[in-house]
Structures are given as structure tokens and as C-alpha cells.
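File shown: data-v4.cif (mmCIF, C-alpha atoms).
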```
data_my_file
loop_
_atom_site.label_atom_id
_atom_site.label_comp_id
_atom_site.auth_asym_id
_atom_site.auth_seq_id
_atom_site.Cartn_x
_atom_site.Cartn_y
_atom_site.Cartn_z
CA MET A 1 -147.42 118.41 -129.82
CA LEU A 2 -147.04 119.66 -126.28
CA ILE A 3 -145.40 122.96 -127.09
CA SER A 4 -147.02 125.73 -125.10
CA LEU A 5 -148.22 128.85 -126.89
CA TYR A 6 -146.16 131.02 -124.48
CA LYS A 7 -143.75 133.57 -126.00
CA PRO A 8 -140.88 134.29 -123.58
CA GLY A 9 -140.16 137.88 -122.65
CA ASN A 10 -139.46 140.21 -119.76
CA SER A 11 -141.87 143.09 -120.36
CA LEU A 12 -144.30 144.59 -117.87
CA VAL A 13 -147.05 142.48 -119.46
CA HIS A 14 -144.99 139.30 -118.98
CA ARG A 15 -144.14 140.16 -115.38
CA THR A 16 -147.72 140.93 -114.31
CA PRO A 17 -148.97 137.88 -112.36
CA ALA A 18 -151.28 135.61 -114.38
CA GLY A 19 -154.05 135.98 -111.80
CA TRP A 20 -154.10 139.76 -112.36
CA LYS A 21 -154.22 139.33 -116.10
CA ILE A 22 -157.14 136.92 -115.84
CA ALA A 23 -159.02 139.41 -113.62
CA LEU A 24 -158.27 142.28 -116.03
CA LEU A 25 -159.40 140.22 -119.02
CA PHE A 26 -162.66 139.41 -117.25
CA VAL A 27 -163.32 143.08 -116.45
CA PHE A 28 -162.34 144.11 -119.99
CA CYS A 29 -164.79 141.71 -121.67
CA THR A 30 -167.63 142.50 -119.27
CA VAL A 31 -167.26 146.24 -119.83
CA LEU A 32 -167.12 145.71 -123.61
CA PHE A 33 -170.52 144.08 -123.47
CA LEU A 34 -172.01 146.67 -121.10
CA ILE A 35 -170.96 149.82 -122.96
CA GLN A 36 -171.92 149.91 -126.64
CA ASN A 37 -170.20 152.90 -128.11
CA TRP A 38 -167.85 153.29 -131.09
CA TRP A 39 -165.46 155.59 -129.22
CA PHE A 40 -165.22 153.15 -126.38
CA LEU A 41 -164.59 150.21 -128.72
CA GLY A 42 -161.88 152.22 -130.53
CA GLY A 43 -160.21 152.94 -127.18
CA ALA A 44 -160.37 149.25 -126.26
CA ILE A 45 -158.75 148.22 -129.54
CA ALA A 46 -155.99 150.82 -129.08
CA LEU A 47 -155.44 149.60 -125.51
CA VAL A 48 -155.05 145.95 -126.57
CA LEU A 49 -152.72 146.79 -129.48
CA ALA A 50 -150.65 149.01 -127.17
CA SER A 51 -150.35 146.07 -124.76
CA TYR A 52 -148.97 143.89 -127.57
CA TRP A 53 -146.47 146.63 -128.35
CA LEU A 54 -145.57 146.93 -124.66
CA ALA A 55 -145.05 143.15 -124.51
CA LYS A 56 -142.72 143.48 -127.56
CA LEU A 57 -144.88 141.03 -129.51
CA PRO A 58 -145.06 141.47 -133.29
CA LEU A 59 -148.46 142.49 -134.64
CA THR A 60 -148.44 139.37 -136.86
CA LEU A 61 -149.43 137.53 -133.66
CA VAL A 62 -152.62 139.63 -133.54
CA TRP A 63 -153.40 138.34 -137.01
CA GLN A 64 -152.57 134.76 -135.97
CA ALA A 65 -154.99 135.08 -133.03
CA VAL A 66 -157.84 136.26 -135.25
CA ARG A 67 -157.18 133.97 -138.23
CA PRO A 68 -158.77 130.74 -136.87
CA ALA A 69 -161.96 132.72 -136.17
CA LEU A 70 -161.78 134.69 -139.41
CA TRP A 71 -164.53 133.12 -141.38
CA VAL A 72 -166.82 132.93 -138.34
CA LEU A 73 -166.33 136.67 -138.16
CA VAL A 74 -167.13 137.08 -141.85
CA LEU A 75 -170.25 134.95 -141.42
CA ILE A 76 -171.40 136.98 -138.41
CA PHE A 77 -170.83 140.17 -140.37
CA LEU A 78 -172.92 138.89 -143.28
CA VAL A 79 -175.78 137.81 -140.99
CA GLN A 80 -175.72 141.18 -139.22
CA PHE A 81 -175.58 143.01 -142.52
CA TRP A 82 -178.62 141.09 -143.66
CA LEU A 83 -180.56 141.54 -140.39
CA ASN A 84 -179.50 145.03 -139.31
CA ASP A 85 -176.93 147.16 -141.11
CA TRP A 86 -173.25 147.02 -141.88
CA GLN A 87 -172.25 149.43 -139.09
CA PHE A 88 -173.69 147.19 -136.39
CA GLY A 89 -172.19 144.14 -138.13
CA LEU A 90 -168.76 145.74 -138.10
CA TYR A 91 -169.20 146.71 -134.44
CA VAL A 92 -170.10 143.15 -133.36
CA VAL A 93 -167.26 141.63 -135.38
CA LEU A 94 -164.63 144.06 -134.07
CA ARG A 95 -165.79 143.56 -130.49
CA PHE A 96 -165.61 139.79 -130.95
CA ALA A 97 -162.15 139.94 -132.53
CA ILE A 98 -160.69 142.25 -129.87
CA MET A 99 -161.85 139.92 -127.08
CA ILE A 100 -160.10 136.99 -128.76
CA VAL A 101 -156.95 139.07 -129.28
CA ALA A 102 -156.97 140.23 -125.64
CA ALA A 103 -157.44 136.68 -124.36
CA THR A 104 -154.61 135.47 -126.61
CA LEU A 105 -152.32 138.11 -125.08
CA LEU A 106 -152.83 136.43 -121.69
CA THR A 107 -151.79 133.08 -123.18
CA LEU A 108 -148.81 134.52 -125.07
CA THR A 109 -147.37 136.24 -122.01
CA SER A 110 -148.06 133.72 -119.21
CA LYS A 111 -146.00 130.57 -118.66
CA THR A 112 -148.03 127.35 -118.62
CA SER A 113 -146.24 126.19 -115.47
CA GLU A 114 -147.01 129.47 -113.68
CA MET A 115 -150.66 129.26 -114.65
CA ILE A 116 -150.89 125.68 -113.35
CA GLU A 117 -149.22 126.81 -110.10
CA GLY A 118 -151.72 129.68 -109.94
CA ILE A 119 -154.63 127.25 -110.30
CA GLU A 120 -153.18 125.06 -107.54
CA ARG A 121 -152.79 128.07 -105.24
CA SER A 122 -156.37 129.22 -105.85
CA VAL A 123 -157.71 125.70 -105.28
CA SER A 124 -155.65 125.49 -102.11
CA LYS A 125 -157.17 128.75 -100.82
CA LEU A 126 -160.72 127.78 -101.78
CA PHE A 127 -160.83 124.07 -100.94
CA GLY A 128 -157.76 123.34 -98.79
CA ALA A 129 -154.27 121.96 -99.32
CA ASP A 130 -155.19 118.30 -99.79
CA VAL A 131 -157.57 119.09 -102.67
CA ALA A 132 -154.83 121.24 -104.24
CA GLU A 133 -152.46 118.28 -103.95
CA LYS A 134 -154.92 116.09 -105.87
CA VAL A 135 -155.33 118.76 -108.53
CA GLY A 136 -151.55 118.99 -108.90
CA LEU A 137 -151.32 115.21 -109.24
CA ALA A 138 -154.09 115.22 -111.88
CA PHE A 139 -152.28 117.90 -113.92
CA SER A 140 -148.91 116.15 -113.89
CA LEU A 141 -150.45 112.72 -114.60
CA SER A 142 -152.43 114.01 -117.57
CA LEU A 143 -149.31 115.58 -119.09
CA ARG A 144 -147.52 112.25 -118.70
CA PHE A 145 -150.50 110.30 -120.07
CA ILE A 146 -150.78 112.21 -123.35
CA PRO A 147 -147.69 110.54 -124.93
CA MET A 148 -148.69 107.19 -123.39
CA VAL A 149 -152.18 107.28 -124.93
CA ARG A 150 -150.78 108.47 -128.24
CA GLU A 151 -148.29 105.58 -128.31
CA THR A 152 -151.01 103.03 -127.50
CA TYR A 153 -153.26 104.58 -130.15
CA GLN A 154 -150.51 104.31 -132.78
CA GLU A 155 -149.90 100.63 -131.94
CA VAL A 156 -153.62 99.92 -132.16
CA ARG A 157 -153.86 101.79 -135.46
CA GLU A 158 -151.02 99.76 -136.99
CA ALA A 159 -152.72 96.53 -135.92
CA GLN A 160 -156.16 97.60 -137.18
CA LYS A 161 -154.71 98.84 -140.47
CA ALA A 162 -153.40 95.32 -141.07
CA ARG A 163 -156.99 94.10 -140.63
CA GLY A 164 -158.32 96.78 -142.96
CA LEU A 165 -159.91 98.71 -140.05
CA GLY A 166 -157.52 101.67 -140.08
CA ARG A 167 -160.32 104.19 -140.59
CA ASN A 168 -162.90 102.59 -138.31
CA TRP A 169 -163.28 104.87 -135.28
CA ARG A 170 -164.83 102.14 -133.12
CA ALA A 171 -162.07 99.64 -133.91
CA LEU A 172 -159.47 102.31 -133.07
CA ILE A 173 -161.00 103.72 -129.91
CA THR A 174 -162.19 100.59 -128.04
CA PRO A 175 -158.82 98.77 -127.78
CA THR A 176 -156.96 102.03 -127.08
CA MET A 177 -159.37 102.78 -124.27
CA ILE A 178 -159.32 99.33 -122.67
CA ARG A 179 -155.52 99.12 -122.80
CA THR A 180 -155.01 102.58 -121.32
CA LEU A 181 -157.68 102.00 -118.62
CA LYS A 182 -155.78 98.85 -117.62
CA SER A 183 -152.49 100.81 -117.37
CA ALA A 184 -154.31 103.51 -115.39
CA ASP A 185 -155.31 100.92 -112.78
CA ASP A 186 -151.74 99.65 -112.53
CA ILE A 187 -150.47 103.22 -112.13
CA ALA A 188 -153.06 103.99 -109.42
CA GLN A 189 -151.95 100.92 -107.44
CA ALA A 190 -148.30 101.85 -107.88
CA ILE A 191 -148.95 105.39 -106.57
CA ASP A 192 -150.84 104.05 -103.56
CA ALA A 193 -148.12 101.54 -102.85
CA ARG A 194 -145.44 104.24 -102.86
CA SER A 195 -147.31 106.88 -100.89
CA ALA A 196 -148.78 104.74 -98.12
CA GLY A 197 -149.80 107.08 -95.29
CA ALA A 198 -149.30 110.23 -97.39
CA PRO A 199 -152.17 112.71 -97.07
CA LEU A 200 -153.67 111.95 -100.46
CA GLY A 201 -157.26 111.34 -99.43
CA GLU A 202 -158.71 107.88 -99.14
CA LYS A 203 -156.68 105.05 -100.58
CA ALA A 204 -157.97 102.80 -103.32
CA PRO A 205 -159.48 99.55 -101.97
CA ARG A 206 -156.78 97.00 -101.33
CA HIS A 207 -156.66 94.01 -103.59
CA ASP A 208 -155.35 91.32 -101.26
CA MET B 1 -161.91 110.59 -104.18
CA THR B 2 -159.33 107.81 -104.43
CA THR B 3 -155.98 107.85 -106.22
CA ARG B 4 -157.62 105.62 -108.84
CA ASP B 5 -160.28 108.31 -109.50
CA ILE B 6 -157.58 110.94 -110.02
CA VAL B 7 -155.62 108.66 -112.35
CA LEU B 8 -158.74 107.91 -114.42
CA ILE B 9 -159.66 111.61 -114.65
CA ALA B 10 -156.13 112.44 -115.83
CA LEU B 11 -156.22 109.53 -118.31
CA PHE B 12 -159.41 110.77 -119.92
CA ALA B 13 -158.07 114.29 -120.22
CA ALA B 14 -155.16 112.72 -122.14
CA ILE B 15 -157.54 110.65 -124.31
CA MET B 16 -159.33 113.91 -125.20
CA ALA B 17 -156.00 115.40 -126.26
CA VAL B 18 -155.25 112.42 -128.52
CA LEU B 19 -158.75 112.55 -130.06
CA GLY B 20 -157.88 116.13 -131.00
CA VAL B 21 -155.33 114.77 -133.49
CA PHE B 22 -158.09 113.09 -135.52
CA PRO B 23 -158.57 115.54 -138.41
CA PRO B 24 -161.66 117.77 -137.95
CA ILE B 25 -164.37 118.09 -140.60
CA THR B 26 -165.77 121.59 -141.19
CA LEU B 27 -169.18 121.99 -142.80
CA PRO B 28 -169.78 125.20 -144.75
CA VAL B 29 -172.93 126.03 -142.74
CA ILE B 30 -171.68 127.33 -139.41
CA ALA B 31 -168.23 127.69 -137.99
CA VAL B 32 -168.03 124.99 -135.32
CA PRO B 33 -165.80 122.17 -136.63
CA ILE B 34 -166.91 118.51 -136.25
CA THR B 35 -164.24 116.70 -134.29
CA ALA B 36 -163.64 113.37 -132.63
CA GLN B 37 -163.25 115.40 -129.44
CA SER B 38 -167.00 115.77 -128.97
CA LEU B 39 -167.16 111.97 -129.20
CA GLY B 40 -164.67 111.94 -126.32
CA VAL B 41 -167.13 113.99 -124.25
CA MET B 42 -169.80 111.29 -124.58
CA LEU B 43 -167.22 108.58 -123.79
CA ALA B 44 -165.93 110.41 -120.69
CA GLY B 45 -169.36 110.32 -119.05
CA GLY B 46 -170.27 106.89 -120.38
CA VAL B 47 -167.03 105.14 -119.41
CA LEU B 48 -166.02 106.97 -116.20
CA GLY B 49 -169.46 107.94 -114.86
CA ALA B 50 -170.89 111.37 -114.08
CA LYS B 51 -168.51 112.79 -111.49
CA ARG B 52 -165.20 111.57 -112.88
CA GLY B 53 -166.35 112.23 -116.45
CA ALA B 54 -167.22 115.85 -115.69
CA LEU B 55 -163.98 116.38 -113.73
CA SER B 56 -161.91 114.97 -116.60
CA MET B 57 -163.50 117.62 -118.85
CA VAL B 58 -162.66 120.33 -116.29
CA LEU B 59 -159.05 119.12 -116.25
CA PHE B 60 -158.82 118.96 -120.05
CA LEU B 61 -160.26 122.47 -120.45
CA ALA B 62 -157.86 123.74 -117.76
CA LEU B 63 -154.95 122.31 -119.78
CA VAL B 64 -156.28 124.13 -122.85
CA ALA B 65 -156.78 127.37 -120.90
CA VAL B 66 -153.23 127.43 -119.54
CA GLY B 67 -151.95 127.53 -123.11
CA LEU B 68 -151.52 123.97 -124.41
CA PRO B 69 -152.70 123.59 -128.03
CA LEU B 70 -154.79 120.47 -127.35
CA LEU B 71 -158.04 121.31 -129.12
CA SER B 72 -158.45 119.82 -132.59
CA GLY B 73 -156.55 121.82 -135.15
CA GLY B 74 -153.94 122.72 -132.52
CA ARG B 75 -156.03 125.45 -130.93
CA GLY B 76 -155.56 126.40 -127.28
CA GLY B 77 -155.19 129.24 -124.81
CA VAL B 78 -157.81 131.40 -123.15
CA GLY B 79 -158.80 132.92 -126.51
CA VAL B 80 -160.74 129.82 -127.63
CA PHE B 81 -163.18 130.26 -124.74
CA PHE B 82 -164.10 133.64 -126.19
CA GLY B 83 -164.57 132.26 -129.70
CA ALA B 84 -167.77 130.95 -131.25
CA SER B 85 -167.40 127.51 -129.69
CA GLY B 86 -166.82 128.84 -126.14
CA GLY B 87 -170.28 127.78 -124.97
CA PHE B 88 -169.76 124.30 -126.39
CA LEU B 89 -166.43 123.95 -124.58
CA ILE B 90 -167.93 124.85 -121.20
CA GLY B 91 -170.91 122.68 -122.17
CA TRP B 92 -168.62 119.62 -122.40
CA ILE B 93 -168.47 119.52 -118.59
CA VAL B 94 -172.25 119.39 -118.22
CA ALA B 95 -172.62 117.05 -121.22
CA ALA B 96 -170.19 114.50 -119.73
CA LEU B 97 -172.04 114.80 -116.41
CA VAL B 98 -175.44 114.11 -117.99
CA VAL B 99 -174.21 111.19 -120.15
CA GLY B 100 -172.60 109.78 -116.98
CA LEU B 101 -175.75 110.15 -114.87
CA LEU B 102 -177.87 108.39 -117.52
CA VAL B 103 -175.38 105.55 -118.11
CA GLU B 104 -175.13 105.03 -114.33
CA ARG B 105 -178.92 104.86 -114.19
CA PHE B 106 -179.11 102.32 -117.05
CA TRP B 107 -176.05 100.43 -115.78
CA ASP B 108 -177.74 97.18 -114.68
CA ASN B 109 -179.22 96.58 -118.11
CA LEU B 110 -177.03 98.76 -120.29
CA ASN B 111 -177.44 98.07 -124.01
CA TYR B 112 -176.73 99.81 -127.32
CA ILE B 113 -180.13 101.53 -127.32
CA ASN B 114 -180.04 103.18 -123.91
CA ALA B 115 -176.32 103.98 -124.23
CA PHE B 116 -177.21 105.74 -127.49
CA ILE B 117 -180.04 107.64 -125.76
CA ALA B 118 -177.67 108.71 -122.99
CA SER B 119 -175.12 109.94 -125.57
CA VAL B 120 -177.77 111.85 -127.53
CA VAL B 121 -179.35 113.51 -124.48
CA GLY B 122 -176.06 114.53 -122.85
CA GLY B 123 -173.77 114.91 -125.82
CA ILE B 124 -176.22 116.58 -128.22
CA VAL B 125 -179.35 118.00 -126.50
CA VAL B 126 -177.66 119.37 -123.38
CA LEU B 127 -174.53 120.44 -125.27
CA TYR B 128 -176.46 122.41 -127.89
CA ALA B 129 -178.68 123.93 -125.20
CA LEU B 130 -175.52 125.51 -123.78
CA GLY B 131 -173.60 126.19 -127.00
CA ILE B 132 -176.36 127.87 -129.00
CA PRO B 133 -177.19 130.73 -126.56
CA TRP B 134 -173.46 131.52 -126.38
CA ILE B 135 -173.13 131.98 -130.14
CA SER B 136 -176.35 133.98 -130.09
CA VAL B 137 -174.93 136.42 -127.51
CA VAL B 138 -171.42 136.92 -128.93
CA ALA B 139 -172.59 137.13 -132.55
CA GLY B 140 -175.75 139.14 -131.85
CA ILE B 141 -177.83 136.65 -133.88
CA SER B 142 -181.21 135.40 -132.63
CA LEU B 143 -181.47 131.99 -130.93
CA GLY B 144 -183.72 130.63 -133.65
CA GLN B 145 -181.29 131.49 -136.42
CA VAL B 146 -178.31 129.96 -134.61
CA PHE B 147 -180.45 126.88 -133.95
CA THR B 148 -181.29 126.54 -137.66
CA GLY B 149 -177.64 127.04 -138.56
CA SER B 150 -176.54 124.36 -136.10
CA MET B 151 -178.84 121.70 -137.54
CA GLY B 152 -176.19 120.83 -140.13
CA PHE B 153 -174.12 119.32 -137.33
CA ILE B 154 -176.82 116.96 -136.08
CA PRO B 155 -176.15 114.12 -138.59
CA GLY B 156 -172.44 114.06 -137.70
CA ASP B 157 -173.28 114.13 -134.01
CA LEU B 158 -175.76 111.27 -134.33
CA VAL B 159 -173.03 109.16 -135.98
CA LYS B 160 -170.78 110.03 -133.06
CA ALA B 161 -173.50 109.02 -130.58
CA VAL B 162 -173.76 105.61 -132.31
CA ILE B 163 -169.99 105.08 -132.06
CA ALA B 164 -170.04 106.29 -128.43
CA ALA B 165 -172.81 103.80 -127.60
CA LEU B 166 -170.88 100.91 -129.18
CA VAL B 167 -167.69 101.81 -127.28
CA ILE B 168 -169.48 102.46 -123.96
CA VAL B 169 -171.25 99.08 -124.04
CA THR B 170 -168.11 97.16 -125.11
CA VAL B 171 -166.01 98.76 -122.39
CA SER B 172 -168.76 98.20 -119.80
CA LYS B 173 -168.56 94.46 -120.55
CA SER B 174 -164.83 93.95 -120.93
CA TYR B 175 -163.42 96.52 -118.50
CA PRO B 176 -166.19 98.07 -116.38
CA ILE B 177 -165.15 101.25 -114.55
CA ILE B 178 -168.43 102.68 -113.24
CA LYS B 179 -169.38 99.90 -110.80
CA LYS B 180 -166.37 97.82 -109.97
#
```

Here is a file; write its structure as C-alpha cells.
Amino acid sequence: MLISLYKPGNSLVHRTPAGWKIALLFVFCTVLFLIQNWWFLGGAIALVLASYWLAKLPLTLVWQAVRPALWVLVLIFLVQFWLNDWQFGLYVVLRFAIMIVAATLLTLTSKTSEMIEGIERSVSKLFGADVAEKVGLAFSLSLRFIPMVRETYQEVREAQKARGLGRNWRALITPTMIRTLKSADDIAQAIDARSAGAPLGEKAPRHD
Amino acid sequence: MTTRDIVLIALFAAIMAVLGVFPPITLPVIAVPITAQSLGVMLAGGVLGAKRGALSMVLFLALVAVGLPLLSGGRGGVGVFFGASGGFLIGWIVAALVVGLLVERFWDNLNYINAFIASVVGGIVVLYALGIPWISVVAGISLGQVFTGSMGFIPGDLVKAVIAALVIVTVSKSYPIIKK
């Protein structure tokens, strides 16, 4: 389940730092909304497709990026067609699709680990090193917790199925939550016990 | 912020990821799928409280943004924030905050009724107030029309608010996190 959407590569697009790509994406989308012009939109589409080509990514990935949103796009087109005209509908839909495709390019060409490091660096600059340390801890803990919660959930589901409650959301969620909250408290105490004196903010209240 | 707070925030981000594996229901009215994940938003605020609940949503969305396919249906990456449900995703942070604030306020005599009210106000009213304008802007459709289109989701969301209220009250009795 935890397979990142990153596609490895060594192109210019891959090597551009993730922070730059995020900034470029932000500028790109803002400008797309500010300038409403067919020529401009055509240029933007060409630019994004050229970037996929430059990143040596097959154009099927463009289709894969758009596909989950496909019938939203169709719906938007129909509403626009009904309210305005088909040209404006097509314009809105293409602009929407190209933003999704551009944003997906960022995900396809940036390593998850590098993006997490980038977030930690930005947090460190904005709020200081000890906040960044907490953010880093939160990221690594959550990645470790996903399989733990899933395992607990599967055990609970087996047990509830035997009671005929296998499809009851309440009966599935409550025990999963209480059991994982209990483990979370044990883990918090274990971390505090091992990092006594480490600069990780205030310590949890002692239970002695 | 204690180590325990950080651990709880990380745990709830993981719970959100696991709720994403519950199969989503899509209604043929508008394109935002009904998922157990929006139930998780109500639970985050109601179980962890306002601050930790909202931060767990920030962490979960950050995991999605860096490219992990954790949203229901295996969606992830920055692209989803530009899709139709982008406003709802950002709205999760505020929704968890509001549910948390209300549950903290009702804490001393928390029951199914006021936990339900907290879930409805934060997880439905506030969430839609942020999600609807977003769709309106990206799709170029008027607010009123998006609002009408979204009404099909209200029954499903009310069911989720009932389940959230049941879970929030049970957890508050057997393993209270907010005031311990």
C-alpha cells in the first residue's frame, strides 16, 4: 500500500529541487487563472506536455493523471455547456485538466523522502530546529503506524466477523481506536524513556 | 507539545490512511466520493481535541502531498489538491479543529446528542462551507448550483456523524484522551 507514486529518472525535471517545482507549479496555476486566453492556454498545455517528454515519462501517465477526474470534467463541461456555451466549457475543462497534469508531474518526478526532507528544512527555517525535529518524528512515526493500525484493524475485523458485526463501522472502529490509542501511549512513554534530556520539547508527565 | 501529543497526531494520520481502504461509495450526482475518511476527520477532532486533531489532518495531507497514495481509491500526490475535492481536503483541517473545539466545550457532560451536533457542525457545515466555493471556482459553476449538487451527500454524511458521535462518546468513557 505504501508505494510512492514517484517514477525514478535522471532528467532535468527530476533533478530540479522539489521546492523549485512547487514554486513553479504555484506560479503556473495562478497565471492560468489570471489570464483567460485560448492562445495562452494552448501554450500552457504544450509546456506541460513538453515537460513530460523532457522527464522521459510516457504520455500514458498524462492520461492516468486525468482519468480519476474524468467524469468530473465531463460533468463540468455539461454544466458549462448548459449555462454558457461549449467553447467556454471546453476552456474550463482543459484548464482544470492541465493543472492536475502539471501537479502530477511534480509528484512523479520528486522522491517522497526528498519532499519530506524539504518540508523539514522549511519548517526548520520558519519555526526553528526543535519544531522541525518534532515534525520529522511525526512523519516517521505515522509511516510506522500505518501497518500497525492496519494489523489491529484486521484482527478486530476477524473477531467482529465471528460475532456477525463484520460490516458494522462502529463495531470495527471503536476497538481499533482504543487498542491503537493504548499502544500510542506505551510508545510515547518508551520514546521519553529513551531520549531523556534530548531537546524534544517538554516531556510527557511522569507516571511514578 | 509533548512526545505523547506527537505520537497521537501521527497515530491519527495512520488511522486516516487505514480508513482510506474502506471502499468508497460514489453517488451519480456530483463527483466527490463518500468515504470513511471524512468520518475520520470528525473522529480526529472528537477523540484528540482541536489542536492535535487539526495537526493530525495537516500531517495526513502532507503525507498525501509528498506522493503517498493514501486517499481512498489509492489517490495521492499534489494533483489531488487541484481536483474537485481540493477544498474539502484543506477543509478537513478546519473541520477537525471545529469538531475538537466543540467536543472540548461539551466535555464535562458529553453525550450522543452534543457529540452528534459537534460532528455535524464541524464535519458537515464547516467542511461544505470550504469545499463548495472551491468547486465553484475551479469548475466555473455558481455557488448555488454546487450547493444543490452537494445535497446528495448530506444523508451519507449524517450517517457518518451518527457513527462518529457513538465512537467519540465510547472512547471518551473508556479511554479519554482530551482531558487526562

- Contact residues (chain B, partner chain A, 8 Å, all atoms listed in the file) as a PyMOL selection string: chain B and resi 1-4+6-11+13-15+17-18+30-31+59+63+65-70+76-80+82-84+138-141+163+166-167+170-171+174-175

- Message: I need every residue sitting at most 10 Å from the point (-178.3, 131.0, -137.4) (coordinates as in the file, only C-alpha atoms considered), written as a count of residues only.
- Response: 20

For the structure provided, state which residues fall under the PyMOL selection byres ((chain B and resi 32-46) around 7), and present them as a JSON list (two decimals) with C-alpha atoms, in the coordinates of the input.
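result06.json written:
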```json
[["chain", "number", "residue", "atom", "x", "y", "z"],
["B", 12, "PHE", "CA", -159.41, 110.77, -119.92],
["B", 16, "MET", "CA", -159.33, 113.91, -125.20],
["B", 19, "LEU", "CA", -158.75, 112.55, -130.06],
["B", 20, "GLY", "CA", -157.88, 116.13, -131.00],
["B", 22, "PHE", "CA", -158.09, 113.09, -135.52],
["B", 24, "PRO", "CA", -161.66, 117.77, -137.95],
["B", 25, "ILE", "CA", -164.37, 118.09, -140.60],
["B", 26, "THR", "CA", -165.77, 121.59, -141.19],
["B", 30, "ILE", "CA", -171.68, 127.33, -139.41],
["B", 31, "ALA", "CA", -168.23, 127.69, -137.99],
["B", 47, "VAL", "CA", -167.03, 105.14, -119.41],
["B", 48, "LEU", "CA", -166.02, 106.97, -116.20],
["B", 49, "GLY", "CA", -169.46, 107.94, -114.86],
["B", 50, "ALA", "CA", -170.89, 111.37, -114.08],
["B", 53, "GLY", "CA", -166.35, 112.23, -116.45],
["B", 54, "ALA", "CA", -167.22, 115.85, -115.69],
["B", 72, "SER", "CA", -158.45, 119.82, -132.59],
["B", 85, "SER", "CA", -167.40, 127.51, -129.69],
["B", 92, "TRP", "CA", -168.62, 119.62, -122.40],
["B", 95, "ALA", "CA", -172.62, 117.05, -121.22],
["B", 96, "ALA", "CA", -170.19, 114.50, -119.73],
["B", 97, "LEU", "CA", -172.04, 114.80, -116.41],
["B", 99, "VAL", "CA", -174.21, 111.19, -120.15],
["B", 100, "GLY", "CA", -172.60, 109.78, -116.98],
["B", 103, "VAL", "CA", -175.38, 105.55, -118.11],
["B", 119, "SER", "CA", -175.12, 109.94, -125.57],
["B", 123, "GLY", "CA", -173.77, 114.91, -125.82],
["B", 160, "LYS", "CA", -170.78, 110.03, -133.06],
["B", 164, "ALA", "CA", -170.04, 106.29, -128.43],
["B", 168, "ILE", "CA", -169.48, 102.46, -123.96]]
```

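With only C-alpha atoms as the atoms that count, the residue of B:Ile124, B:Ile178, B:Leu89, B:Val169 with the shortest distance to Asp157 (chain B) is B:Ile124.
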
- Query: Quick one, how far is CA of Asn109 (chain B) from CA of Asp5 (chain B)?
  - Reply: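 CA of Asn109 (chain B) sits 23.9 Å away from CA of Asp5 (chain B).
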
- Query: Looking at all atoms listed in the file, which of B:Ala118, B:Val58, B:Val125, B:Ile177 is the one that sits closest to Ile154 (chain B)?
  - Reply: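 Nearest candidate to Ile154 (chain B) out of B:Ala118, B:Val58, B:Val125, B:Ile177: B:Val125.
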
- Calculate how many Å separate CA of Glu104 (chain B) from CA of Leu158 (chain B), rounding to one decimal. 21.0 Å

- So how many Å separate CA of Gly152 (chain B) and CA of Leu71 (chain B), to one decimal?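 Here the two named atoms are 21.2 Å from each other.
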
- Message: When the PyMOL selection byres ((chain B and resi 131) around 8) is applied to the structure above, which residues does it catch, written out as a PyMOL selection string?
- Response: chain B and resi 85-89+91+127-130+132-135
